[in-house]
Amino acid sequence: MITTGRLSLAQPGSARPGSARPGPARLGPARPGSARLGSARCFKGSGSHLSRGGAANSSQQPDGVAFFIIQGLAGLGHERTALFVLLLLLYTAILGGNTIIIFTVLTDPTLSSAMYFFLRNLSFVDIVYTTVTIPNMLSGLLIAPNTISVPGCFFQMYFFIQLAVTGRGILTVMAYDRYVAICNPLRYAAIMTQPVRLLLITAAWTFGAFCTLPAAAMAWHRPYCGPNVVRHGWCDPSSVRRLACANTSVDSILSLSFAMVALLTTGALILTSYILIGISVSKMNAAERLKAFSTCAAHLTVVTISYGSASFVYISYRVGNFAPEVRVIVAVLYSALTPFLNPIIYSLRNKALKEAIRRTFCRSRRTALSTRKQVSAVA
């Protein structure tokens, strides 16, 4: 006897003794005490051990869903190949550009100020942030269906949001660094010491975890009975939340509250820093104003693109009536835009970094030529 909700299904061959013959399956009311709660068959993040065994077309184990299917851009058809190439090139540029900045800052002794320390950390966050989602999307464009384990889905969800908030936190820290450099230039070295830098970076990472962990933990403990198709390019919180077989209104309120805290807090602090910078710059002469502008131009450009694109995506989601594939493409471009542009903006707008990158390439080329000559001499 298999019981599902209020109905019981008697399978052939399972008739009670005394019956004339097994007969066909019967539908009838379940006996009292024989019905199980619906959530008993659902995945609950803290208490299930799931495997992906069983039939290939089955996505639900006795204890709930065994994995999620990332729908992504499965409906694009032949355009998926072109999108795969474009996304691969974009991801390669993100890895290459940010790796060059990290290597240059670590190896060039002239880039020892706090600004480059924060820039190095921002590049690291950008690399990990895109690595959390883009490789999985690339595999989904080649292999269908694109599946992800339940724990893997929630890890992806947590780190994607946490790294996004941490990146905003580092931009806030960099705004404070620019405020000190312009408004208190004589005390800059005394204020932005190594312990202060580490404290500010730790605060940015802690703030990211604080804004992400509660909502992610609540989503992890929800039951998931099926369906298991995530209608997004990755395990987006709102898309996964729709698959929970429970009331998730509290989850939505909590997630939105912490998202507002993350955006408004960092935005207000950055805006305050630049208001104070503007007040200080207004008292300078023309030459000093030009120097101050060149000092914070790259950071101001990155902040404008980051928050401007976030606002555009939010408004387009609420106003525009787009197809699901278009929404996924917009979300992917938004998540990859800032990590892609950061190395370009800082290398073009920052003269010291541009010269350091040039010296790094020249030094690497000389080292390669010297190594080749030594190998040739030995041979």
# chains A, B, ... in the order shown; residues from 1 in each chain; ligands from 1
>>> residues_around(residues="range 298-313 of chain A", least_positions_apart="4", cutoff="7 Å", atoms="only C-alpha atoms", output="ChimeraX atom specification")
/A:317,334,338,342,345-346,349-350
>>> residues_around(residues="Pro185 in chain A", least_positions_apart="6", cutoff="12 Å", atoms="only C-alpha atoms", output="list in words")
Asp177, Arg178, Tyr179, Ile191, Met192, Ile277, Ser280, Glu288, Ala292 and Thr295 of chain A
>>> select_by_dssp(residues="range 170-242 of chain A", states="strand (DSSP E)", output="list in words")
Pro223, Tyr224, Val229 and Val230 of chain A
>>> write_last_selection(atoms="N, CA and C atoms", output="mmCIF file, in the first residue's frame")
data_model
loop_
_atom_site.group_PDB
_atom_site.id
_atom_site.type_symbol
_atom_site.label_atom_id
_atom_site.label_comp_id
_atom_site.auth_asym_id
_atom_site.auth_seq_id
_atom_site.Cartn_x
_atom_site.Cartn_y
_atom_site.Cartn_z
ATOM 1 N N PRO A 223 11.699 22.586 3.021
ATOM 2 C CA PRO A 223 11.531 21.318 2.300
ATOM 3 C C PRO A 223 11.351 21.564 0.803
ATOM 4 N N TYR A 224 11.934 20.696 -0.003
ATOM 5 C CA TYR A 224 11.837 20.787 -1.464
ATOM 6 C C TYR A 224 11.370 19.433 -1.998
ATOM 7 N N VAL A 229 13.176 22.303 -11.197
ATOM 8 C CA VAL A 229 13.762 23.092 -12.286
ATOM 9 C C VAL A 229 13.904 24.542 -11.828
ATOM 10 N N VAL A 230 15.144 25.024 -11.736
ATOM 11 C CA VAL A 230 15.427 26.401 -11.357
ATOM 12 C C VAL A 230 15.395 27.250 -12.629
#
>>> atom_distance(atom1="CA of Thr202 in chain A", atom2="CA of Phe154 in chain A")
23.5 Å
>>> atom_distance(atom1="CA of Val173 in chain A", atom2="CA of Phe160 in chain A")
20.1 Å
>>> residues_around(residues="range 86-103 of chain A", least_positions_apart="3", cutoff="7 Å", atoms="only C-alpha atoms", output="short mmCIF file (atom, residue, chain, number, x, y, z; two decimals) with all heavy atoms, in the first residue's frame")
data_model
loop_
_atom_site.label_atom_id
_atom_site.label_comp_id
_atom_site.auth_asym_id
_atom_site.auth_seq_id
_atom_site.Cartn_x
_atom_site.Cartn_y
_atom_site.Cartn_z
N ALA A 82 26.89 30.26 -30.07
CA ALA A 82 27.44 31.62 -30.12
C ALA A 82 27.51 32.23 -28.73
O ALA A 82 28.50 32.90 -28.38
CB ALA A 82 26.57 32.49 -31.03
N LEU A 83 26.50 31.99 -27.90
CA LEU A 83 26.51 32.51 -26.54
C LEU A 83 27.60 31.85 -25.71
O LEU A 83 28.23 32.50 -24.86
CB LEU A 83 25.15 32.31 -25.89
CG LEU A 83 24.95 32.97 -24.53
CD1 LEU A 83 25.12 34.49 -24.64
CD2 LEU A 83 23.60 32.62 -23.95
N LEU A 106 51.23 42.61 -6.37
CA LEU A 106 52.05 41.80 -5.46
C LEU A 106 53.54 41.91 -5.76
O LEU A 106 54.36 41.81 -4.85
CB LEU A 106 51.62 40.33 -5.54
CG LEU A 106 50.30 39.96 -4.86
CD1 LEU A 106 49.95 38.50 -5.15
CD2 LEU A 106 50.39 40.18 -3.35
N THR A 107 53.90 42.12 -7.03
CA THR A 107 55.31 42.07 -7.41
C THR A 107 55.96 43.44 -7.59
O THR A 107 57.18 43.54 -7.57
CB THR A 107 55.47 41.27 -8.72
OG1 THR A 107 54.66 41.85 -9.75
CG2 THR A 107 55.05 39.82 -8.51
N ARG A 120 43.63 44.95 -5.12
CA ARG A 120 44.02 43.54 -5.24
C ARG A 120 42.93 42.63 -4.65
O ARG A 120 42.57 41.60 -5.24
CB ARG A 120 45.34 43.31 -4.51
CG ARG A 120 45.91 41.91 -4.64
CD ARG A 120 47.19 41.81 -3.82
NE ARG A 120 46.90 41.77 -2.39
CZ ARG A 120 47.80 42.03 -1.44
NH1 ARG A 120 49.03 42.40 -1.77
NH2 ARG A 120 47.48 41.92 -0.18
N SER A 123 39.92 42.56 -7.01
CA SER A 123 40.15 41.68 -8.15
C SER A 123 39.99 40.22 -7.77
O SER A 123 39.44 39.41 -8.54
CB SER A 123 41.55 41.92 -8.72
OG SER A 123 41.66 43.22 -9.27
N ILE A 127 37.17 37.57 -9.34
CA ILE A 127 37.50 36.26 -9.93
C ILE A 127 36.63 35.17 -9.34
O ILE A 127 36.01 34.36 -10.05
CB ILE A 127 39.00 35.95 -9.74
CG1 ILE A 127 39.84 36.85 -10.63
CG2 ILE A 127 39.28 34.49 -10.06
CD1 ILE A 127 41.34 36.69 -10.41
N PRO A 339 33.17 42.98 -12.97
CA PRO A 339 34.45 42.25 -12.96
C PRO A 339 35.22 42.37 -14.27
O PRO A 339 36.45 42.35 -14.27
CB PRO A 339 34.03 40.80 -12.70
CG PRO A 339 32.74 40.91 -11.98
CD PRO A 339 32.05 42.09 -12.57
N PHE A 340 34.49 42.50 -15.40
CA PHE A 340 35.16 42.65 -16.69
C PHE A 340 35.75 44.04 -16.86
O PHE A 340 36.86 44.20 -17.40
CB PHE A 340 34.17 42.34 -17.81
CG PHE A 340 34.68 42.65 -19.19
CD1 PHE A 340 35.64 41.84 -19.78
CD2 PHE A 340 34.20 43.74 -19.90
CE1 PHE A 340 36.12 42.13 -21.05
CE2 PHE A 340 34.66 44.02 -21.16
CZ PHE A 340 35.63 43.22 -21.74
N PRO A 343 39.42 45.81 -14.36
CA PRO A 343 40.83 45.90 -14.79
C PRO A 343 41.04 46.93 -15.91
O PRO A 343 42.06 47.61 -15.93
CB PRO A 343 41.13 44.47 -15.29
CG PRO A 343 40.09 43.62 -14.68
CD PRO A 343 38.87 44.46 -14.56
#
>>> atom_distance(atom1="CA of Arg289 in chain A", atom2="CA of Leu348 in chain A")
19.7 Å
>>> residues_around(residues="Leu198 in chain A", least_positions_apart="3", cutoff="12 Å", atoms="only C-alpha atoms", output="ChimeraX atom specification")
/A:114,117-118,121,170,173,192-195,201-205
>>> write_last_selection(atoms="N, CA and C atoms", output="compact mmCIF listing (two decimals), in the first residue's frame")
# COMPACT_ATOMS: atom_id res chain seq x y z
N ALA A 114 47.59 51.79 0.28
CA ALA A 114 46.36 51.09 0.66
C ALA A 114 45.42 50.92 -0.53
N PHE A 117 46.24 47.80 -2.32
CA PHE A 117 45.91 46.66 -1.49
C PHE A 117 44.42 46.33 -1.60
N PHE A 118 43.58 47.35 -1.54
CA PHE A 118 42.14 47.14 -1.69
C PHE A 118 41.79 46.71 -3.12
N ASN A 121 42.39 43.02 -3.52
CA ASN A 121 41.32 42.23 -2.91
C ASN A 121 40.05 42.27 -3.75
N ILE A 170 34.00 46.35 -0.32
CA ILE A 170 35.35 46.78 -0.68
C ILE A 170 35.31 48.11 -1.42
N VAL A 173 35.04 50.66 1.22
CA VAL A 173 36.34 50.87 1.88
C VAL A 173 37.26 51.71 1.00
N MET A 192 46.16 55.06 7.27
CA MET A 192 45.96 53.81 6.52
C MET A 192 47.15 52.88 6.72
N THR A 193 47.36 52.46 7.95
CA THR A 193 48.43 51.51 8.26
C THR A 193 48.00 50.09 7.88
N GLN A 194 48.95 49.17 7.95
CA GLN A 194 48.64 47.79 7.60
C GLN A 194 47.55 47.19 8.49
N PRO A 195 47.57 47.38 9.83
CA PRO A 195 46.47 46.85 10.64
C PRO A 195 45.11 47.44 10.26
N ILE A 201 39.30 45.37 5.41
CA ILE A 201 38.98 44.24 4.53
C ILE A 201 38.19 43.18 5.29
N THR A 202 38.58 42.91 6.53
CA THR A 202 37.83 41.95 7.34
C THR A 202 36.40 42.42 7.56
N ALA A 203 36.23 43.72 7.76
CA ALA A 203 34.88 44.27 7.94
C ALA A 203 34.05 44.08 6.68
N ALA A 204 34.66 44.25 5.50
CA ALA A 204 33.92 44.05 4.24
C ALA A 204 33.46 42.61 4.09
N TRP A 205 34.34 41.65 4.38
CA TRP A 205 33.96 40.24 4.28
C TRP A 205 32.92 39.87 5.34
>>> select_by_dssp(residues="range 130-159 of chain A", states="helix (DSSP H, G or I)", output="ChimeraX atom specification")
/A:130-131,134-142,150-159
